[in-house]
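For reference, run_15.pdb (PDB, C-alpha atoms):
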```pdb
ATOM      1  CA  MET A   8     -43.926  41.088  -9.698
ATOM      2  CA  PRO A   9     -40.212  41.415  -8.788
ATOM      3  CA  ALA A  10     -38.465  44.724  -9.263
ATOM      4  CA  VAL A  11     -36.403  44.719 -12.457
ATOM      5  CA  ARG A  12     -33.177  46.498 -11.619
ATOM      6  CA  ASP A  13     -31.372  48.927 -13.884
ATOM      7  CA  GLY A  14     -27.790  47.737 -13.771
ATOM      8  CA  ALA A  15     -27.486  47.064 -10.037
ATOM      9  CA  PRO A  16     -26.539  43.430  -9.323
ATOM     10  CA  ALA A  17     -28.663  41.389  -6.954
ATOM     11  CA  ARG A  18     -26.889  41.077  -3.620
ATOM     12  CA  ALA A  19     -26.623  38.131  -1.273
ATOM     13  CA  PRO A  20     -28.597  38.335   1.961
ATOM     14  CA  ALA A  21     -26.878  39.940   4.942
ATOM     15  CA  GLY A  22     -24.667  37.439   6.732
ATOM     16  CA  ALA A  23     -24.319  35.102   3.760
ATOM     17  CA  ARG A  24     -20.897  33.442   3.579
ATOM     18  CA  GLU A  25     -18.717  34.203   0.549
ATOM     19  CA  SER A  26     -18.270  31.145  -1.659
ATOM     20  CA  SER A  27     -14.794  30.094  -2.766
ATOM     21  CA  ARG A  28     -13.801  31.051  -6.297
ATOM     22  CA  PRO A  29     -11.262  29.426  -8.590
ATOM     23  CA  PRO A  30      -8.430  31.511 -10.049
ATOM     24  CA  PRO A  31      -9.772  33.222 -13.184
ATOM     25  CA  ASP A  32      -7.316  31.459 -15.498
ATOM     26  CA  ARG A  33      -8.217  27.941 -14.301
ATOM     27  CA  ALA A  34     -10.534  25.639 -16.186
ATOM     28  CA  GLY A  35     -13.038  23.190 -14.750
ATOM     29  CA  VAL A  36     -15.077  20.250 -15.995
ATOM     30  CA  GLY A  37     -18.615  19.042 -15.560
ATOM     31  CA  LEU A  38     -18.836  16.536 -12.706
ATOM     32  CA  LYS A  39     -20.511  13.312 -13.823
ATOM     33  CA  SER A  40     -21.492  10.352 -11.690
ATOM     34  CA  GLU A  41     -19.246   8.099 -13.786
ATOM     35  CA  HIS A  42     -16.234  10.065 -12.517
ATOM     36  CA  TYR A  43     -17.116  10.521  -8.812
ATOM     37  CA  ARG A  44     -14.720   7.879  -7.514
ATOM     38  CA  THR A  45     -11.891   8.833  -9.871
ATOM     39  CA  VAL A  46     -12.062  12.457  -8.731
ATOM     40  CA  LEU A  47     -12.120  11.589  -5.033
ATOM     41  CA  ALA A  48      -9.341   9.000  -5.375
ATOM     42  CA  THR A  49      -6.961  11.143  -7.445
ATOM     43  CA  ARG A  50      -7.897  14.716  -6.434
ATOM     44  CA  PRO A  51      -6.797  16.081  -9.821
ATOM     45  CA  ASP A  52      -5.134  19.476 -10.202
ATOM     46  CA  LEU A  53      -8.218  21.215 -11.560
ATOM     47  CA  GLY A  54      -9.743  24.624 -10.980
ATOM     48  CA  TRP A  55     -13.357  23.673 -10.242
ATOM     49  CA  PHE A  56     -16.372  21.523 -11.096
ATOM     50  CA  GLU A  57     -19.823  22.308 -12.466
ATOM     51  CA  VAL A  58     -23.070  20.357 -12.066
ATOM     52  CA  HIS A  59     -26.673  20.661 -13.196
ATOM     53  CA  PRO A  60     -28.576  21.441  -9.983
ATOM     54  CA  GLU A  61     -31.639  19.523 -11.175
ATOM     55  CA  ASN A  62     -29.653  16.295 -10.654
ATOM     56  CA  TYR A  63     -29.182  17.126  -6.958
ATOM     57  CA  MET A  64     -32.562  18.545  -5.931
ATOM     58  CA  VAL A  65     -33.239  15.612  -3.637
ATOM     59  CA  ASP A  66     -33.383  15.171   0.121
ATOM     60  CA  GLY A  67     -30.498  12.708   0.374
ATOM     61  CA  GLY A  68     -28.704   9.797  -1.228
ATOM     62  CA  PRO A  69     -25.301   9.006  -2.779
ATOM     63  CA  PRO A  70     -25.198  11.875  -5.344
ATOM     64  CA  LEU A  71     -25.443  14.500  -2.613
ATOM     65  CA  ARG A  72     -22.832  12.718  -0.497
ATOM     66  CA  PHE A  73     -20.398  12.577  -3.422
ATOM     67  CA  LEU A  74     -21.042  16.224  -4.233
ATOM     68  CA  GLU A  75     -20.375  17.184  -0.608
ATOM     69  CA  ALA A  76     -17.051  15.342  -0.735
ATOM     70  CA  VAL A  77     -16.002  17.012  -3.984
ATOM     71  CA  ARG A  78     -17.138  20.446  -2.789
ATOM     72  CA  ALA A  79     -14.865  20.095   0.246
ATOM     73  CA  ASP A  80     -11.842  20.311  -2.088
ATOM     74  CA  TYR A  81     -13.039  22.304  -5.111
ATOM     75  CA  PRO A  82     -15.088  25.406  -5.943
ATOM     76  CA  LEU A  83     -18.443  24.558  -7.485
ATOM     77  CA  SER A  84     -20.666  26.115 -10.147
ATOM     78  CA  LEU A  85     -24.372  25.337 -10.638
ATOM     79  CA  HIS A  86     -25.590  25.413 -14.252
ATOM     80  CA  GLY A  87     -29.368  25.079 -14.423
ATOM     81  CA  VAL A  88     -31.488  23.712 -17.249
ATOM     82  CA  GLY A  89     -34.971  23.850 -15.730
ATOM     83  CA  LEU A  90     -36.022  27.432 -14.927
ATOM     84  CA  SER A  91     -37.338  28.176 -18.446
ATOM     85  CA  LEU A  92     -36.591  31.891 -18.086
ATOM     86  CA  GLY A  93     -38.003  32.699 -21.535
ATOM     87  CA  SER A  94     -41.453  31.274 -20.733
ATOM     88  CA  CYS A  95     -44.461  33.539 -20.289
ATOM     89  CA  ASP A  96     -45.072  31.997 -16.862
ATOM     90  CA  PRO A  97     -42.662  32.787 -14.007
ATOM     91  CA  PRO A  98     -40.282  30.089 -12.699
ATOM     92  CA  PRO A  99     -42.167  27.641 -10.452
ATOM     93  CA  LEU A 100     -41.814  28.507  -6.778
ATOM     94  CA  ASP A 101     -41.099  24.900  -5.796
ATOM     95  CA  HIS A 102     -38.208  24.755  -8.278
ATOM     96  CA  LEU A 103     -36.816  28.049  -6.972
ATOM     97  CA  ALA A 104     -37.128  26.834  -3.383
ATOM     98  CA  ARG A 105     -35.215  23.622  -4.090
ATOM     99  CA  LEU A 106     -32.574  25.542  -6.018
ATOM    100  CA  LYS A 107     -32.149  27.988  -3.149
ATOM    101  CA  ARG A 108     -31.649  25.130  -0.671
ATOM    102  CA  LEU A 109     -28.940  23.700  -2.925
ATOM    103  CA  VAL A 110     -27.252  27.104  -3.297
ATOM    104  CA  GLU A 111     -27.246  27.630   0.470
ATOM    105  CA  ARG A 112     -25.851  24.151   1.061
ATOM    106  CA  PHE A 113     -23.040  24.157  -1.512
ATOM    107  CA  GLU A 114     -22.272  27.884  -1.845
ATOM    108  CA  PRO A 115     -21.375  27.845  -5.560
ATOM    109  CA  PHE A 116     -19.243  30.674  -6.887
ATOM    110  CA  VAL A 117     -21.596  30.924  -9.880
ATOM    111  CA  VAL A 118     -25.241  30.067 -10.580
ATOM    112  CA  SER A 119     -26.178  30.165 -14.261
ATOM    113  CA  GLU A 120     -29.098  29.426 -16.572
ATOM    114  CA  HIS A 121     -29.930  29.455 -20.285
ATOM    115  CA  LEU A 122     -31.571  32.063 -22.473
ATOM    116  CA  SER A 123     -34.312  29.632 -23.477
ATOM    117  CA  TRP A 124     -37.741  28.297 -22.640
ATOM    118  CA  SER A 125     -38.998  24.762 -22.075
ATOM    119  CA  ARG A 126     -42.352  25.159 -20.311
ATOM    120  CA  PHE A 127     -45.845  26.311 -21.246
ATOM    121  CA  GLY A 128     -48.344  26.183 -18.419
ATOM    122  CA  ASP A 129     -47.978  22.743 -16.854
ATOM    123  CA  ARG A 130     -46.363  21.228 -19.942
ATOM    124  CA  PHE A 131     -42.598  20.670 -19.952
ATOM    125  CA  LEU A 132     -40.486  20.004 -23.031
ATOM    126  CA  ALA A 133     -37.200  18.102 -22.910
ATOM    127  CA  ASP A 134     -35.304  20.782 -24.794
ATOM    128  CA  LEU A 135     -33.937  24.309 -24.471
ATOM    129  CA  LEU A 136     -35.995  26.199 -27.043
ATOM    130  CA  PRO A 137     -34.897  29.582 -28.444
ATOM    131  CA  VAL A 138     -36.351  32.888 -27.296
ATOM    132  CA  PRO A 139     -37.512  35.347 -30.003
ATOM    133  CA  MET A 140     -35.415  38.519 -29.903
ATOM    134  CA  THR A 141     -38.310  40.958 -29.446
ATOM    135  CA  PRO A 142     -39.120  43.676 -26.881
ATOM    136  CA  GLU A 143     -41.965  41.560 -25.501
ATOM    137  CA  ALA A 144     -39.677  38.564 -24.956
ATOM    138  CA  LEU A 145     -37.085  40.829 -23.359
ATOM    139  CA  GLU A 146     -39.650  42.100 -20.835
ATOM    140  CA  VAL A 147     -40.762  38.579 -19.923
ATOM    141  CA  THR A 148     -37.214  37.222 -19.643
ATOM    142  CA  ALA A 149     -36.035  40.213 -17.592
ATOM    143  CA  ASP A 150     -38.940  39.762 -15.168
ATOM    144  CA  ASN A 151     -38.116  36.067 -14.770
ATOM    145  CA  VAL A 152     -34.397  36.709 -14.280
ATOM    146  CA  ALA A 153     -35.152  39.394 -11.680
ATOM    147  CA  ARG A 154     -37.633  37.098  -9.918
ATOM    148  CA  THR A 155     -35.017  34.329  -9.772
ATOM    149  CA  GLN A 156     -32.336  36.653  -8.398
ATOM    150  CA  ASP A 157     -34.723  38.051  -5.804
ATOM    151  CA  HIS A 158     -35.589  34.544  -4.656
ATOM    152  CA  LEU A 159     -31.978  33.342  -4.501
ATOM    153  CA  GLY A 160     -30.656  36.577  -3.045
ATOM    154  CA  ARG A 161     -27.805  36.671  -5.571
ATOM    155  CA  ARG A 162     -27.138  37.403  -9.222
ATOM    156  CA  ILE A 163     -27.161  34.691 -11.853
ATOM    157  CA  LEU A 164     -25.455  34.364 -15.234
ATOM    158  CA  ILE A 165     -27.351  33.926 -18.504
ATOM    159  CA  GLU A 166     -25.903  31.807 -21.323
ATOM    160  CA  ASN A 167     -26.125  32.611 -25.036
ATOM    161  CA  PRO A 168     -28.034  29.842 -26.868
ATOM    162  CA  SER A 169     -27.232  27.509 -29.742
ATOM    163  CA  THR A 170     -29.893  27.671 -32.482
ATOM    164  CA  TYR A 171     -30.690  25.854 -35.711
ATOM    165  CA  LEU A 172     -33.481  27.988 -37.202
ATOM    166  CA  GLU A 173     -34.000  31.741 -37.250
ATOM    167  CA  PHE A 174     -37.242  33.505 -36.363
ATOM    168  CA  GLY A 175     -38.892  35.494 -39.139
ATOM    169  CA  ARG A 176     -39.254  38.437 -36.748
ATOM    170  CA  GLU A 177     -36.046  39.393 -34.964
ATOM    171  CA  GLU A 178     -36.205  42.971 -33.697
ATOM    172  CA  ILE A 179     -33.216  42.975 -31.334
ATOM    173  CA  PRO A 180     -29.801  41.503 -32.223
ATOM    174  CA  GLU A 181     -28.866  38.790 -29.755
ATOM    175  CA  PRO A 182     -25.841  40.648 -28.264
ATOM    176  CA  GLU A 183     -28.079  43.673 -27.631
ATOM    177  CA  PHE A 184     -30.781  41.470 -26.086
ATOM    178  CA  LEU A 185     -28.280  39.989 -23.630
ATOM    179  CA  ALA A 186     -26.774  43.398 -22.849
ATOM    180  CA  ALA A 187     -30.265  44.713 -22.106
ATOM    181  CA  LEU A 188     -30.829  41.832 -19.658
ATOM    182  CA  VAL A 189     -27.630  42.837 -17.865
ATOM    183  CA  ARG A 190     -28.710  46.477 -17.644
ATOM    184  CA  ARG A 191     -32.250  45.724 -16.491
ATOM    185  CA  THR A 192     -31.566  42.960 -13.972
ATOM    186  CA  GLY A 193     -27.927  43.234 -12.905
ATOM    187  CA  CYS A 194     -27.327  39.656 -14.062
ATOM    188  CA  GLY A 195     -24.018  38.519 -15.524
ATOM    189  CA  LEU A 196     -23.334  36.551 -18.689
ATOM    190  CA  LEU A 197     -22.007  33.099 -19.453
ATOM    191  CA  LEU A 198     -20.404  33.064 -22.898
ATOM    192  CA  ASP A 199     -20.592  29.646 -24.527
ATOM    193  CA  VAL A 200     -17.968  29.877 -27.284
ATOM    194  CA  ASN A 201     -19.099  26.623 -28.868
ATOM    195  CA  ASN A 202     -22.710  27.872 -29.028
ATOM    196  CA  LEU A 203     -21.463  31.015 -30.751
ATOM    197  CA  PHE A 204     -19.465  28.989 -33.279
ATOM    198  CA  VAL A 205     -22.419  26.657 -33.931
ATOM    199  CA  CYS A 206     -24.814  29.578 -34.522
ATOM    200  CA  ALA A 207     -22.326  31.436 -36.718
ATOM    201  CA  SER A 208     -21.881  28.334 -38.872
ATOM    202  CA  ASN A 209     -25.586  27.511 -39.072
ATOM    203  CA  HIS A 210     -26.703  31.091 -39.804
ATOM    204  CA  ALA A 211     -23.666  32.282 -41.798
ATOM    205  CA  PHE A 212     -22.484  35.231 -39.735
ATOM    206  CA  ASP A 213     -19.039  36.287 -38.516
ATOM    207  CA  PRO A 214     -18.619  35.277 -34.852
ATOM    208  CA  ARG A 215     -15.902  37.895 -34.341
ATOM    209  CA  LYS A 216     -18.229  40.695 -35.381
ATOM    210  CA  TRP A 217     -20.800  39.236 -32.971
ATOM    211  CA  ILE A 218     -18.180  39.469 -30.210
ATOM    212  CA  ASP A 219     -17.518  43.106 -31.192
ATOM    213  CA  SER A 220     -21.067  43.991 -30.102
ATOM    214  CA  PHE A 221     -21.259  41.615 -27.123
ATOM    215  CA  ALA A 222     -20.998  42.808 -23.500
ATOM    216  CA  LEU A 223     -17.729  40.996 -22.759
ATOM    217  CA  GLU A 224     -17.259  42.979 -19.553
ATOM    218  CA  ALA A 225     -20.315  41.172 -18.095
ATOM    219  CA  VAL A 226     -18.920  37.683 -18.823
ATOM    220  CA  GLU A 227     -18.058  35.787 -15.623
ATOM    221  CA  GLU A 228     -17.810  32.259 -17.009
ATOM    222  CA  ILE A 229     -17.040  30.649 -20.374
ATOM    223  CA  HIS A 230     -18.034  27.272 -21.768
ATOM    224  CA  VAL A 231     -16.268  25.365 -24.528
ATOM    225  CA  ALA A 232     -17.510  22.065 -25.915
ATOM    226  CA  GLY A 233     -17.618  19.763 -28.889
ATOM    227  CA  HIS A 234     -20.467  19.441 -31.359
ATOM    228  CA  ALA A 235     -21.727  17.214 -34.150
ATOM    229  CA  VAL A 236     -22.200  17.954 -37.851
ATOM    230  CA  ASP A 237     -25.419  16.546 -39.338
ATOM    231  CA  ASP A 238     -27.091  16.743 -42.738
ATOM    232  CA  ALA A 239     -30.263  18.830 -43.193
ATOM    233  CA  ASP A 240     -31.627  18.346 -46.725
ATOM    234  CA  GLY A 241     -28.157  18.389 -48.208
ATOM    235  CA  HIS A 242     -26.865  21.219 -46.044
ATOM    236  CA  PRO A 243     -24.533  20.670 -43.087
ATOM    237  CA  ILE A 244     -25.865  21.777 -39.724
ATOM    238  CA  ARG A 245     -23.837  21.893 -36.523
ATOM    239  CA  VAL A 246     -25.564  20.461 -33.443
ATOM    240  CA  ASP A 247     -24.500  21.415 -29.929
ATOM    241  CA  ASN A 248     -24.452  17.909 -28.436
ATOM    242  CA  HIS A 249     -21.499  18.158 -25.996
ATOM    243  CA  GLY A 250     -20.439  14.738 -27.242
ATOM    244  CA  SER A 251     -16.906  15.152 -28.591
ATOM    245  CA  PRO A 252     -13.631  17.007 -27.973
ATOM    246  CA  VAL A 253     -13.414  20.756 -28.600
ATOM    247  CA  ILE A 254     -12.365  21.445 -32.198
ATOM    248  CA  GLU A 255      -9.536  23.781 -33.183
ATOM    249  CA  GLU A 256     -11.864  26.453 -34.622
ATOM    250  CA  VAL A 257     -13.598  26.767 -31.236
ATOM    251  CA  TRP A 258     -10.235  26.907 -29.430
ATOM    252  CA  SER A 259      -9.161  29.701 -31.782
ATOM    253  CA  LEU A 260     -12.308  31.680 -31.014
ATOM    254  CA  TYR A 261     -11.791  31.028 -27.298
ATOM    255  CA  ARG A 262      -8.241  32.376 -27.511
ATOM    256  CA  GLU A 263      -9.539  35.589 -29.075
ATOM    257  CA  VAL A 264     -12.242  35.993 -26.410
ATOM    258  CA  ILE A 265      -9.680  35.626 -23.614
ATOM    259  CA  ALA A 266      -7.319  38.089 -25.301
ATOM    260  CA  ARG A 267     -10.159  40.653 -25.387
ATOM    261  CA  ARG A 268     -11.906  39.905 -22.084
ATOM    262  CA  GLY A 269      -9.100  38.622 -19.921
ATOM    263  CA  PRO A 270      -9.299  35.261 -18.157
ATOM    264  CA  VAL A 271     -12.482  33.993 -16.519
ATOM    265  CA  PRO A 272     -13.214  30.464 -15.246
ATOM    266  CA  THR A 273     -13.738  28.197 -18.255
ATOM    267  CA  LEU A 274     -15.690  24.939 -18.363
ATOM    268  CA  ILE A 275     -14.967  21.920 -20.537
ATOM    269  CA  GLU A 276     -18.570  20.859 -21.194
ATOM    270  CA  ARG A 277     -19.118  17.174 -21.973
ATOM    271  CA  ASP A 278     -22.510  15.525 -21.475
ATOM    272  CA  ALA A 279     -22.505  12.644 -23.995
ATOM    273  CA  ASN A 280     -20.029   9.971 -25.112
ATOM    274  CA  LEU A 281     -18.122  10.488 -21.882
ATOM    275  CA  PRO A 282     -14.414   9.668 -22.230
ATOM    276  CA  PRO A 283     -12.079   8.635 -19.404
ATOM    277  CA  PHE A 284     -11.638  11.465 -16.916
ATOM    278  CA  ASP A 285      -8.004  11.971 -17.948
ATOM    279  CA  GLU A 286      -9.146  13.136 -21.402
ATOM    280  CA  LEU A 287     -11.344  15.835 -19.883
ATOM    281  CA  LEU A 288      -8.514  16.843 -17.575
ATOM    282  CA  ALA A 289      -6.204  17.189 -20.589
ATOM    283  CA  GLU A 290      -8.716  19.496 -22.289
ATOM    284  CA  ALA A 291      -8.976  21.596 -19.127
ATOM    285  CA  ARG A 292      -5.195  21.958 -19.030
ATOM    286  CA  HIS A 293      -5.227  22.936 -22.688
ATOM    287  CA  ALA A 294      -7.717  25.694 -21.847
ATOM    288  CA  ASP A 295      -5.399  26.802 -19.017
ATOM    289  CA  ARG A 296      -2.485  27.047 -21.460
ATOM    290  CA  ILE A 297      -4.515  29.027 -23.990
ATOM    291  CA  ALA A 298      -5.717  31.445 -21.320
ATOM    292  CA  GLY A 299      -2.172  31.950 -20.089
ATOM    293  CA  GLU A 300      -0.792  32.485 -23.578
ATOM    294  CA  ALA A 301      -3.579  34.913 -24.476
ATOM    295  CA  ILE A 302      -2.641  37.209 -21.588
ATOM    296  CA  GLY A 303       1.106  36.539 -21.673
ATOM    297  CA  ILE A 304       1.440  34.309 -18.593
ATOM    298  CA  PRO A 305       3.510  31.098 -19.035
ATOM    299  CA  GLN A 306       1.836  28.006 -17.637
ATOM    300  CA  GLU A 307       3.672  25.779 -15.180
ATOM    301  CA  ALA A 308       3.416  22.012 -15.357
ATOM    302  CA  PRO A 309       0.356  20.814 -13.388
ATOM    303  CA  ALA A 310       0.898  19.158 -10.041
ATOM    304  CA  ARG A 311      -1.267  16.667  -8.235
ATOM    305  CA  ARG A 312      -3.088  18.066  -5.207
ATOM    306  CA  ALA A 313      -1.620  17.152  -1.850
TER     307      ALA A 313
END
```
Would you write the structure of this file as structure tokens?
Amino acid sequence: MPAVRDGAPARAPAGARESSRPPPDRAGVGLKSEHYRTVLATRPDLGWFEVHPENYMVDGGPPLRFLEAVRADYPLSLHGVGLSLGSCDPPPLDHLARLKRLVERFEPFVVSEHLSWSRFGDRFLADLLPVPMTPEALEVTADNVARTQDHLGRRILIENPSTYLEFGREEIPEPEFLAALVRRTGCGLLLDVNNLFVCASNHAFDPRKWIDSFALEAVEEIHVAGHAVDDADGHPIRVDNHGSPVIEEVWSLYREVIARRGPVPTLIERDANLPPFDELLAEARHADRIAGEAIGIPQEAPARRA
């Protein structure tokens, strides 16, 4: 069983090289295979890129070669979807080993995962399922986060989830649950502003009051995204599908988070209905402008990389 730390961040092994970091007020986008050639041909003025490591846990092939070429010019973040940190079983050692090889190869400035579970025994579910906010779930999740950090030799960030139903037994408010993970494991937090907006709409709570009790000082990355609105027995429900542009209500909440927290690298998250790359780049520049305005720094016109 790994040692669960009390507030001390996991440290990289001795001799590990420091990964490059983007400026805190620069936004990035998720790197998709459809945009590989556009990115390499145009070298857009962009802060960084993020990928799901599970798509690159292979021994070779074109995806790794493209990622190497992009990483030569841009900082990189790895955002995992497969560790199932809320499961009763610990993360599989083979998954951790492949993730560690990828981290050592690409030296991302951030490695992050979700507060969710998707595995029971040898059965895997194609979804990020919510974790009950109970002391027992906190113990299990903290153990799994600590185990992951011990294996990687570095801290990871944990993302707040999007949810559509509420458990009948919630003993710990979500902001407190996440703050407890930070204290116990030394992990950081990834604040997904769209997830917060989706949950606040679906469960009828004030997202700004949620932020009041959230450990903003532990936030090292932010996500913003679009979502869908579906019908559930006559009631609207917002679904975090990453399939559309960011709406104004989410931008407004993002502006308030930046004004309170200060700038941190922000991702434009788009996984479905991919538009031309220029549309994602425009959203990233919009995030840059909002971050600058929120802290009183005027934004210069973007320039193409040399």
Who sits within 10 Å of Gly250 (chain A), all atoms listed in the file, same chain under 5 positions skipped, as a list of chain:residue names: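 Here the answer would be A:Ala232, A:Gly233, A:His234, A:Ala235, A:Glu276, A:Arg277, A:Asp278, A:Ala279, A:Asn280, A:Leu281, A:Pro282.
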Spatial neighbours of Gly269 (chain A), max dist 9 Å, only C-alpha atoms, sep filter under 6 positions, as an MDAnalysis selection string: chainID A and resid 31:32 298 301:302
Neighbours of point (-9.0, 21.1, -30.9) within 10 Å, using all atoms listed in the file, written as a VMD selection string: chain A and resid 232 to 233 252 to 259 290 293
Matched chain/residue IDs from the PyMOL selection byres ((chain A and resi 216-229) around 10), as a PyMOL selection string: chain A and resi 31+34+84+117+119+163-166+180-187+189-190+193-201+203+207+212-215+230-231+260-261+263-265+267-276
Which residue of A:Leu135, A:Ala104, A:Asp52, A:Val110 approaches Gly89 (chain A) most closely, using all atoms listed in the file: A:Leu135
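Of the residues under consideration (A:Ala294, A:Val152, A:Val236, A:Ala144), A:Val236 shows the shortest atom-to-atom contact distance to Asn248 (chain A) when counting all atoms listed in the file.
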